[in-house]
$ cat data34.cif   # mmCIF, C-alpha atoms and all ligand atoms
data_protein
loop_
_atom_site.label_atom_id
_atom_site.label_comp_id
_atom_site.auth_asym_id
_atom_site.auth_seq_id
_atom_site.Cartn_x
_atom_site.Cartn_y
_atom_site.Cartn_z
CA MET J 800 -11.28 -21.35 15.25
CA ASN J 801 -9.71 -20.37 11.91
CA PRO J 802 -9.37 -23.56 9.79
CA SER J 803 -6.73 -22.08 7.46
CA GLY J 804 -4.76 -19.69 9.64
CA GLY J 805 -4.11 -18.54 13.18
CA LEU J 806 -1.58 -19.69 15.72
CA GLN J 807 -1.38 -23.26 14.45
CA TRP J 808 -0.55 -22.02 10.92
CA HIS J 809 2.11 -19.59 12.18
CA TRP J 810 3.69 -22.28 14.31
CA ARG J 811 3.75 -24.77 11.44
CA ALA J 812 5.08 -22.19 8.94
CA TRP J 813 7.82 -21.04 11.31
CA ARG J 814 8.84 -24.60 12.12
CA SER J 815 8.72 -25.77 8.48
CA GLN J 816 10.92 -23.06 6.96
CA ALA J 817 13.67 -25.49 5.93
CA LEU J 818 11.24 -28.08 4.53
CA TRP J 819 9.29 -25.42 2.60
CA ARG J 820 12.36 -23.48 1.32
CA PRO J 821 12.40 -25.11 -2.17
CA THR J 822 8.67 -24.36 -2.52
CA CYS J 823 9.19 -20.74 -1.46
CA GLU J 824 12.00 -20.39 -4.01
CA GLN J 825 9.76 -21.75 -6.76
CA ILE J 826 6.94 -19.41 -5.70
CA SER J 827 9.40 -16.53 -5.85
CA THR J 828 10.49 -17.50 -9.39
CA SER J 829 6.86 -17.81 -10.57
CA LEU J 830 5.95 -14.43 -9.08
CA GLU J 831 8.93 -12.81 -10.83
CA GLN J 832 7.52 -14.02 -14.15
CA LEU J 833 4.10 -12.41 -13.58
CA GLU J 834 5.04 -8.75 -14.18
CA PRO J 835 1.86 -6.97 -13.06
CA SER J 836 1.26 -3.58 -14.65
CA ALA J 837 -0.57 -2.07 -11.63
CA SER J 838 1.57 -0.22 -9.11
CA GLU J 839 -0.63 -1.06 -6.11
CA LEU J 840 -1.37 -4.50 -4.67
CA LEU J 841 -4.27 -5.88 -2.64
CA LEU J 842 -2.93 -9.04 -0.99
CA ILE J 843 -5.68 -11.32 0.31
CA GLY J 844 -4.94 -14.13 2.77
CA ALA J 845 -1.59 -12.50 3.45
CA SER J 846 -1.07 -14.05 6.90
CA ALA J 847 2.52 -13.19 7.91
CA GLY J 848 3.64 -13.65 4.30
CA TRP J 849 5.61 -16.72 5.35
CA MET J 850 5.86 -17.89 1.73
CA MET J 851 5.82 -14.45 0.08
CA PRO J 852 9.19 -12.99 -0.99
CA SER J 853 9.65 -9.36 0.10
CA ASN J 854 11.35 -8.52 -3.18
CA TRP J 855 8.19 -9.17 -5.20
CA LEU J 856 6.25 -6.84 -2.88
CA GLN J 857 8.91 -4.15 -3.31
CA ARG J 858 7.87 -3.58 -6.93
CA PHE J 859 4.60 -1.99 -5.71
CA SER J 860 4.24 1.59 -4.44
CA LYS J 861 1.48 0.47 -2.05
CA VAL J 862 0.68 -2.94 -0.57
CA THR J 863 -2.58 -3.47 1.32
CA THR J 864 -2.87 -6.82 3.11
CA TRP J 865 -6.07 -8.47 4.32
CA ASP J 866 -6.50 -11.42 6.64
CA ILE J 867 -9.18 -12.53 9.11
CA ASP J 868 -6.44 -13.56 11.55
CA PRO J 869 -5.66 -10.75 14.05
CA LEU J 870 -2.07 -12.01 14.37
CA ALA J 871 -1.49 -11.62 10.62
CA ALA J 872 -1.03 -7.83 10.52
CA PRO J 873 1.67 -7.53 13.23
CA LEU J 874 3.49 -10.61 11.93
CA PHE J 875 3.35 -9.41 8.32
CA ARG J 876 4.82 -6.06 9.40
CA TRP J 877 7.52 -7.88 11.36
CA ARG J 878 8.50 -9.91 8.30
CA HIS J 879 8.11 -7.40 5.45
CA ALA J 880 7.84 -3.80 6.72
CA ALA J 881 11.60 -3.10 6.68
CA ALA J 882 11.98 -4.24 3.06
CA LEU J 883 8.95 -2.21 1.99
CA LYS J 884 10.26 0.84 3.80
CA ALA J 885 13.58 0.40 1.99
CA SER J 886 11.82 0.41 -1.40
CA GLY J 887 9.66 3.41 -0.41
CA SER J 888 6.46 1.30 -0.62
CA GLU J 889 3.50 2.10 1.60
CA LEU J 890 2.27 -0.86 3.69
CA VAL J 891 -1.29 -1.00 5.07
CA CYS J 892 -2.33 -4.13 7.01
CA ARG J 893 -6.06 -4.75 7.57
CA THR J 894 -7.86 -7.41 9.60
CA GLY J 895 -11.17 -8.70 8.26
CA ASP J 896 -12.99 -10.91 5.82
CA ALA J 897 -11.80 -9.84 2.38
CA LEU J 898 -13.63 -12.55 0.46
CA ASP J 899 -17.12 -11.73 1.70
CA CYS J 900 -16.67 -8.03 0.96
CA LEU J 901 -14.49 -8.25 -2.15
CA ASP J 902 -16.77 -5.95 -4.21
CA ARG J 903 -16.43 -3.19 -1.65
CA LEU J 904 -12.64 -3.68 -1.43
CA LEU J 905 -12.31 -3.49 -5.21
CA ARG J 906 -14.24 -0.22 -5.23
CA SER J 907 -12.05 1.20 -2.46
CA GLU J 908 -8.81 0.22 -4.26
CA PRO J 909 -9.52 1.08 -7.91
CA ARG J 910 -5.86 1.13 -8.97
CA ALA J 911 -4.75 -2.07 -7.25
CA CYS J 912 -4.22 -5.47 -8.74
CA VAL J 913 -5.30 -8.35 -6.50
CA PHE J 914 -3.38 -11.42 -5.39
CA PHE J 915 -5.13 -14.27 -3.53
CA ASP J 916 -2.21 -15.66 -1.58
CA ASN J 917 -2.94 -19.28 -0.75
CA VAL J 918 -6.48 -18.62 0.43
CA LEU J 919 -8.90 -19.83 -2.29
CA GLY J 920 -7.86 -23.47 -1.93
CA GLN J 921 -8.92 -23.40 1.70
CA TYR J 922 -12.29 -21.76 1.11
CA ARG J 923 -13.99 -25.15 1.34
CA PHE J 924 -12.98 -25.36 5.01
CA HIS J 925 -14.70 -22.02 5.71
CA CYS J 926 -17.97 -22.96 3.95
CA LYS J 927 -20.82 -25.21 5.01
CA ASP J 928 -20.31 -27.60 2.07
CA THR J 929 -18.39 -28.01 -1.19
CA GLN J 930 -21.29 -26.66 -3.32
CA GLN J 931 -21.32 -23.44 -1.35
CA ALA J 932 -17.52 -23.11 -1.64
CA SER J 933 -17.58 -23.66 -5.44
CA ARG J 934 -20.45 -21.17 -5.83
CA LYS J 935 -18.64 -18.54 -3.77
CA ILE J 936 -15.35 -19.02 -5.64
CA GLY J 937 -17.23 -18.65 -8.96
CA ARG J 938 -18.82 -15.42 -7.73
CA LEU J 939 -15.44 -14.05 -6.61
CA VAL J 940 -13.88 -14.72 -9.99
CA ARG J 941 -16.79 -13.03 -11.79
CA SER J 942 -16.49 -9.96 -9.58
CA LEU J 943 -12.87 -9.55 -10.76
CA ARG J 944 -13.89 -8.88 -14.36
CA GLY J 945 -11.93 -5.93 -15.71
CA ARG J 946 -9.30 -6.15 -12.94
CA GLU J 947 -5.73 -7.41 -13.13
CA TRP J 948 -5.41 -10.23 -10.62
CA GLY J 949 -3.60 -13.43 -9.76
CA ALA J 950 -3.71 -16.31 -7.33
CA LEU J 951 -1.65 -18.96 -5.63
CA HIS J 952 -3.78 -21.84 -4.40
CA GLU J 953 -3.93 -25.57 -3.96
CA ALA J 954 -5.38 -27.65 -6.77
CA TYR J 955 -5.18 -30.91 -4.81
CA SER J 956 -3.41 -32.31 -1.77
CA GLY J 957 -2.80 -35.79 -0.46
CA PRO J 958 -0.51 -38.44 0.93
CA VAL J 959 2.84 -39.12 -0.71
CA ARG J 960 4.73 -42.40 -0.65
CA ARG J 961 8.19 -41.57 0.54
CA GLN J 962 9.47 -39.12 3.11
CA ARG J 963 10.00 -35.65 1.66
CA ARG J 964 9.21 -36.95 -1.79
CA GLY J 965 7.51 -33.69 -2.86
CA ALA J 966 10.55 -31.64 -1.86
CA GLY J 967 12.72 -30.44 -4.73
CA VAL J 968 10.39 -31.55 -7.54
CA PRO J 969 10.95 -28.88 -10.23
CA ALA J 970 8.05 -26.50 -10.94
CA MET J 971 6.24 -27.02 -14.22
CA GLN J 972 4.70 -24.30 -16.39
CA ARG J 973 1.76 -25.30 -18.51
CA ARG J 974 -1.25 -23.68 -20.19
CA LEU J 975 -4.48 -24.91 -18.59
CA HIS J 976 -6.73 -26.93 -20.85
CA GLY J 977 -8.90 -29.99 -20.54
CA SER J 978 -7.24 -32.15 -23.22
CA ALA J 979 -6.10 -35.77 -22.89
CA ASP J 980 -2.49 -34.49 -23.09
CA SER J 981 -3.13 -32.24 -20.13
CA ALA J 982 -4.67 -35.07 -18.08
CA ALA J 983 -1.61 -37.22 -18.88
CA ALA J 984 0.72 -34.39 -17.79
CA ASP J 985 -1.24 -34.12 -14.50
CA GLN J 986 -0.82 -37.86 -13.91
CA ALA J 987 2.91 -37.68 -14.65
CA TRP J 988 3.24 -34.75 -12.23
CA LEU J 989 1.39 -36.69 -9.48
CA GLY J 990 3.79 -39.57 -10.12
CA GLN J 991 6.76 -37.24 -9.61
CA LEU J 992 5.26 -36.07 -6.31
CA GLY J 993 5.00 -39.70 -5.17
CA ALA J 994 1.21 -39.42 -4.79
CA THR J 995 -0.59 -42.31 -3.21
CA GLY J 996 -4.07 -42.92 -1.75
CA GLU J 997 -6.88 -40.43 -2.12
CA TRP J 998 -6.19 -36.77 -2.87
CA LEU J 999 -8.39 -33.88 -1.77
CA ASP J 1000 -9.86 -31.58 -4.43
CA HIS J 1001 -9.47 -27.96 -3.26
CA LEU J 1002 -12.24 -26.82 -5.67
CA THR J 1003 -10.07 -24.35 -7.55
CA SER J 1004 -10.24 -25.91 -11.02
CA ASN J 1005 -12.41 -23.03 -12.31
CA VAL J 1006 -10.41 -20.17 -10.80
CA PHE J 1007 -8.38 -19.69 -14.01
CA ARG J 1008 -9.90 -19.89 -17.47
CA GLU J 1009 -8.69 -22.47 -19.97
CA GLY J 1010 -5.64 -21.11 -21.78
CA THR J 1011 -4.17 -19.40 -18.70
CA MET J 1012 -0.44 -20.04 -18.23
CA VAL J 1013 -0.01 -21.61 -14.80
CA SER J 1014 3.01 -22.68 -12.74
CA HIS J 1015 2.53 -25.97 -10.90
CA ILE J 1016 4.52 -26.22 -7.68
CA ALA J 1017 4.96 -29.02 -5.14
CA TRP J 1018 4.55 -28.03 -1.49
CA PRO J 1019 5.64 -30.82 0.88
CA PHE J 1020 3.39 -29.59 3.66
CA LYS J 1021 4.45 -32.48 5.90
CA PRO J 1022 7.02 -35.20 5.09
CA ASP J 1023 4.18 -37.57 4.08
CA TYR J 1024 1.62 -35.08 2.75
CA CYS J 1025 2.00 -32.80 -0.26
CA HIS J 1026 -0.03 -29.91 -1.66
CA TRP J 1027 -0.11 -29.24 -5.41
CA LEU J 1028 -0.01 -25.46 -5.80
CA GLN J 1029 -0.88 -23.43 -8.87
CA VAL J 1030 0.17 -19.83 -9.57
CA GLY J 1031 -1.38 -17.80 -12.36
CA TRP J 1032 -2.10 -14.25 -13.45
CA VAL J 1033 -5.05 -12.74 -15.33
CA ARG J 1034 -4.71 -9.58 -17.45
CA HIS J 1035 -7.67 -7.67 -18.84
C1 LIG S 1 -2.50 -20.76 4.17
S1 LIG S 1 -2.71 -19.23 4.92
C2 LIG S 1 -1.95 -18.09 3.80
C3 LIG S 1 -0.49 -18.13 3.81
C4 LIG S 1 0.16 -16.81 3.49
N1 LIG S 1 -0.15 -16.35 2.18
C5 LIG S 1 1.65 -16.90 3.78
O1 LIG S 1 2.47 -16.79 2.84
O2 LIG S 1 1.99 -17.07 4.95
C6 LIG S 1 -4.39 -18.78 4.53
C7 LIG S 1 -4.75 -17.43 5.15
O3 LIG S 1 -6.00 -16.99 4.64
C8 LIG S 1 -6.67 -16.33 5.68
N2 LIG S 1 -8.10 -16.23 5.32
C9 LIG S 1 -9.01 -17.23 5.27
N3 LIG S 1 -10.21 -16.74 4.89
C10 LIG S 1 -10.04 -15.41 4.69
C11 LIG S 1 -10.93 -14.36 4.29
N4 LIG S 1 -12.21 -14.60 4.04
N5 LIG S 1 -10.44 -13.10 4.19
C12 LIG S 1 -9.11 -12.86 4.47
N6 LIG S 1 -8.24 -13.81 4.86
C13 LIG S 1 -8.69 -15.07 4.96
C14 LIG S 1 -6.39 -17.19 6.90
O4 LIG S 1 -6.59 -16.51 8.10
C15 LIG S 1 -4.92 -17.53 6.66
O5 LIG S 1 -4.06 -16.62 7.29
#

$ encode --input "data34.cif" --output "structure tokens"
Amino acid sequence: MNPSGGLQWHWRAWRSQALWRPTCEQISTSLEQLEPSASELLLIGASAGWMMPSNWLQRFSKVTTWDIDPLAAPLFRWRHAAALKASGSELVCRTGDALDCLDRLLRSEPRACVFFDNVLGQYRFHCKDTQQASRKIGRLVRSLRGREWGALHEAYSGPVRRQRRGAGVPAMQRRLHGSADSAAADQAWLGQLGATGEWLDHLTSNVFREGTMVSHIAWPFKPDYCHWLQVGWVRH
């Protein structure tokens, strides 16, 4: 059983297209602002690219996707292959664990930048405990030294007060730092999402270094449950 993908994920993503549309549009806008300099992309946790706009992928001459889910490759091709063909971009879809063998992947794709596409925030569900997940995420980030890379992941998720409250909340761009101002901005943002009850920490607070410019995006996963997404890019 895949705790962050597979049939259940595809079914939910397909069924939730209207609810998630504002989130996908905000993701698209944030990706447009990233402007990677590499011409090749290694996309990890690609799934079918339900929330990935084809037009961002079209900027690359080669896109290599990785996912542990065997349904991901055919579904990703179904959703994005035509657009990539139109832009003359090569598309290679691989099935396998890209996080466990990231060092080897980086060696095999020396010219590619890397994008972790909504996968790091779910690492805790694939590990035996939260300490192991945090350790593994730390190791992944260290192995990316010298590489251009980015990520979209959950910071937190939790119940929201009113139906569809998280939908349509404007994205917010902010430099990450641990000041009192930043904590106050986080609280204000949670207020806008209509957060209530206890929120789950997705263990991604150390993915980006302090000072990284990050887009914060609301993802109303279900009408009464919202994920707080972050999108950032690291240049070396
Ligand atoms: C929330 S989904 C990603 C959504 C996707 N980016 C989209 O737009 O549809 C998380 C994906 O990460 C994949 N995944 C989890 N662990 C992985 C790993 N170690 N290597 C590659 N993919 C992984 C899961 O199979 C799942 O498809």

$ residues_around --input "data34.cif" --residues "region 1003-1007 of chain J" --least-positions-apart "2" --cutoff "12 Å" --atoms "only C-alpha atoms" --output "CSV table (one decimal) with C-alpha atoms, in the frame of the given file"
chain,number,residue,atom,x,y,z
J,915,PHE,CA,-5.1,-14.3,-3.5
J,917,ASN,CA,-2.9,-19.3,-0.8
J,918,VAL,CA,-6.5,-18.6,0.4
J,919,LEU,CA,-8.9,-19.8,-2.3
J,920,GLY,CA,-7.9,-23.5,-1.9
J,921,GLN,CA,-8.9,-23.4,1.7
J,922,TYR,CA,-12.3,-21.8,1.1
J,923,ARG,CA,-14.0,-25.2,1.3
J,929,THR,CA,-18.4,-28.0,-1.2
J,932,ALA,CA,-17.5,-23.1,-1.6
J,933,SER,CA,-17.6,-23.7,-5.4
J,934,ARG,CA,-20.4,-21.2,-5.8
J,935,LYS,CA,-18.6,-18.5,-3.8
J,936,ILE,CA,-15.4,-19.0,-5.6
J,937,GLY,CA,-17.2,-18.6,-9.0
J,938,ARG,CA,-18.8,-15.4,-7.7
J,939,LEU,CA,-15.4,-14.0,-6.6
J,940,VAL,CA,-13.9,-14.7,-10.0
J,941,ARG,CA,-16.8,-13.0,-11.8
J,942,SER,CA,-16.5,-10.0,-9.6
J,943,LEU,CA,-12.9,-9.6,-10.8
J,948,TRP,CA,-5.4,-10.2,-10.6
J,949,GLY,CA,-3.6,-13.4,-9.8
J,950,ALA,CA,-3.7,-16.3,-7.3
J,951,LEU,CA,-1.6,-19.0,-5.6
J,952,HIS,CA,-3.8,-21.8,-4.4
J,953,GLU,CA,-3.9,-25.6,-4.0
J,954,ALA,CA,-5.4,-27.6,-6.8
J,955,TYR,CA,-5.2,-30.9,-4.8
J,956,SER,CA,-3.4,-32.3,-1.8
J,974,ARG,CA,-1.2,-23.7,-20.2
J,975,LEU,CA,-4.5,-24.9,-18.6
J,976,HIS,CA,-6.7,-26.9,-20.8
J,977,GLY,CA,-8.9,-30.0,-20.5
J,999,LEU,CA,-8.4,-33.9,-1.8
J,1000,ASP,CA,-9.9,-31.6,-4.4
J,1001,HIS,CA,-9.5,-28.0,-3.3
J,1009,GLU,CA,-8.7,-22.5,-20.0
J,1010,GLY,CA,-5.6,-21.1,-21.8
J,1011,THR,CA,-4.2,-19.4,-18.7
J,1012,MET,CA,-0.4,-20.0,-18.2
J,1013,VAL,CA,0.0,-21.6,-14.8
J,1014,SER,CA,3.0,-22.7,-12.7
J,1027,TRP,CA,-0.1,-29.2,-5.4
J,1028,LEU,CA,0.0,-25.5,-5.8
J,1029,GLN,CA,-0.9,-23.4,-8.9
J,1030,VAL,CA,0.2,-19.8,-9.6
J,1031,GLY,CA,-1.4,-17.8,-12.4
J,1032,TRP,CA,-2.1,-14.2,-13.4
J,1033,VAL,CA,-5.0,-12.7,-15.3
J,1034,ARG,CA,-4.7,-9.6,-17.4

$ residues_near_ligand --input "data34.cif" --ligand "ligand LIG 1 (chain S)" --cutoff "9 Å" --atoms "all atoms listed in the file" --output "ChimeraX atom specification"
/J:801-805,808-809,812,823,842-852,864-871,875,894-901,915-922,925,951-952

$ closest_residue --input "data34.cif" --among "J:Ser853, J:Tyr1024, J:Ala1017, J:Asp902" --to "Arg878 (chain J)" --atoms "all atoms listed in the file"
J:Ser853

$ closest_residue --input "data34.cif" --among "J:Lys1021, J:Arg946, J:Arg820, J:Arg1008" --to "Leu905 (chain J)" --atoms "all atoms listed in the file"
J:Arg946

$ atom_distance --input "data34.cif" --atom1 "CA of Ala872 (chain J)" --atom2 "CA of Ser827 (chain J)"
21.3 Å

$ atom_distance --input "data34.cif" --atom1 "CA of Ile826 (chain J)" --atom2 "CA of Ile1016 (chain J)"
7.5 Å

$ closest_atom_pairs --input "data34.cif" --of "region 917-962 of chain J" --to "region 983-994 of chain J" --cutoff "8 Å" --atoms "only C-alpha atoms" --output "JSON lines"
{"residue": "J:Gly957", "atom": "CA", "partner": "J:Ala994", "partner_atom": "CA", "distance": 6.9}
{"residue": "J:Pro958", "atom": "CA", "partner": "J:Ala994", "partner_atom": "CA", "distance": 6.1}
{"residue": "J:Val959", "atom": "CA", "partner": "J:Ala994", "partner_atom": "CA", "distance": 4.4}
{"residue": "J:Arg960", "atom": "CA", "partner": "J:Gly993", "partner_atom": "CA", "distance": 5.3}
{"residue": "J:Arg961", "atom": "CA", "partner": "J:Gly993", "partner_atom": "CA", "distance": 6.8}

$ residues_around --input "data34.cif" --residues "Thr822 (chain J)" --least-positions-apart "5" --cutoff "10 Å" --atoms "only C-alpha atoms" --output "number ranges by chain"
J: 816-817, 827-828, 850, 965-970, 1016-1020, 1028

$ write_last_selection --input "data34.cif" --atoms "C-alpha atoms" --output "compact mmCIF listing (two decimals), in the coordinates of the input"
# COMPACT_ATOMS: atom_id res chain seq x y z
CA GLN J 816 10.92 -23.06 6.96
CA ALA J 817 13.67 -25.49 5.93
CA SER J 827 9.40 -16.53 -5.85
CA THR J 828 10.49 -17.50 -9.39
CA MET J 850 5.86 -17.89 1.73
CA GLY J 965 7.51 -33.69 -2.86
CA ALA J 966 10.55 -31.64 -1.86
CA GLY J 967 12.72 -30.44 -4.73
CA VAL J 968 10.39 -31.55 -7.54
CA PRO J 969 10.95 -28.88 -10.23
CA ALA J 970 8.05 -26.50 -10.94
CA ILE J 1016 4.52 -26.22 -7.68
CA ALA J 1017 4.96 -29.02 -5.14
CA TRP J 1018 4.55 -28.03 -1.49
CA PRO J 1019 5.64 -30.82 0.88
CA PHE J 1020 3.39 -29.59 3.66
CA LEU J 1028 -0.01 -25.46 -5.80

$ atom_distance --input "data34.cif" --atom1 "CA of Thr995 (chain J)" --atom2 "CA of His1026 (chain J)"
12.5 Å

$ closest_residue --input "data34.cif" --among "J:Arg910, J:Lys884, J:His879, J:Arg893" --to "Leu840 (chain J)" --atoms "all atoms listed in the file"
J:Arg910

$ closest_residue --input "data34.cif" --among "J:Phe859, J:Leu1002, J:Cys1025, J:Glu834" --to "Gln931 (chain J)" --atoms "only C-alpha atoms"
J:Leu1002

$ residues_near_point --input "data34.cif" --point "(4.7, 0.8, -2.7)" --cutoff "12 Å" --atoms "all atoms listed in the file" --output "ChimeraX atom specification"
/J:837-841,853-863,880,882-891,911
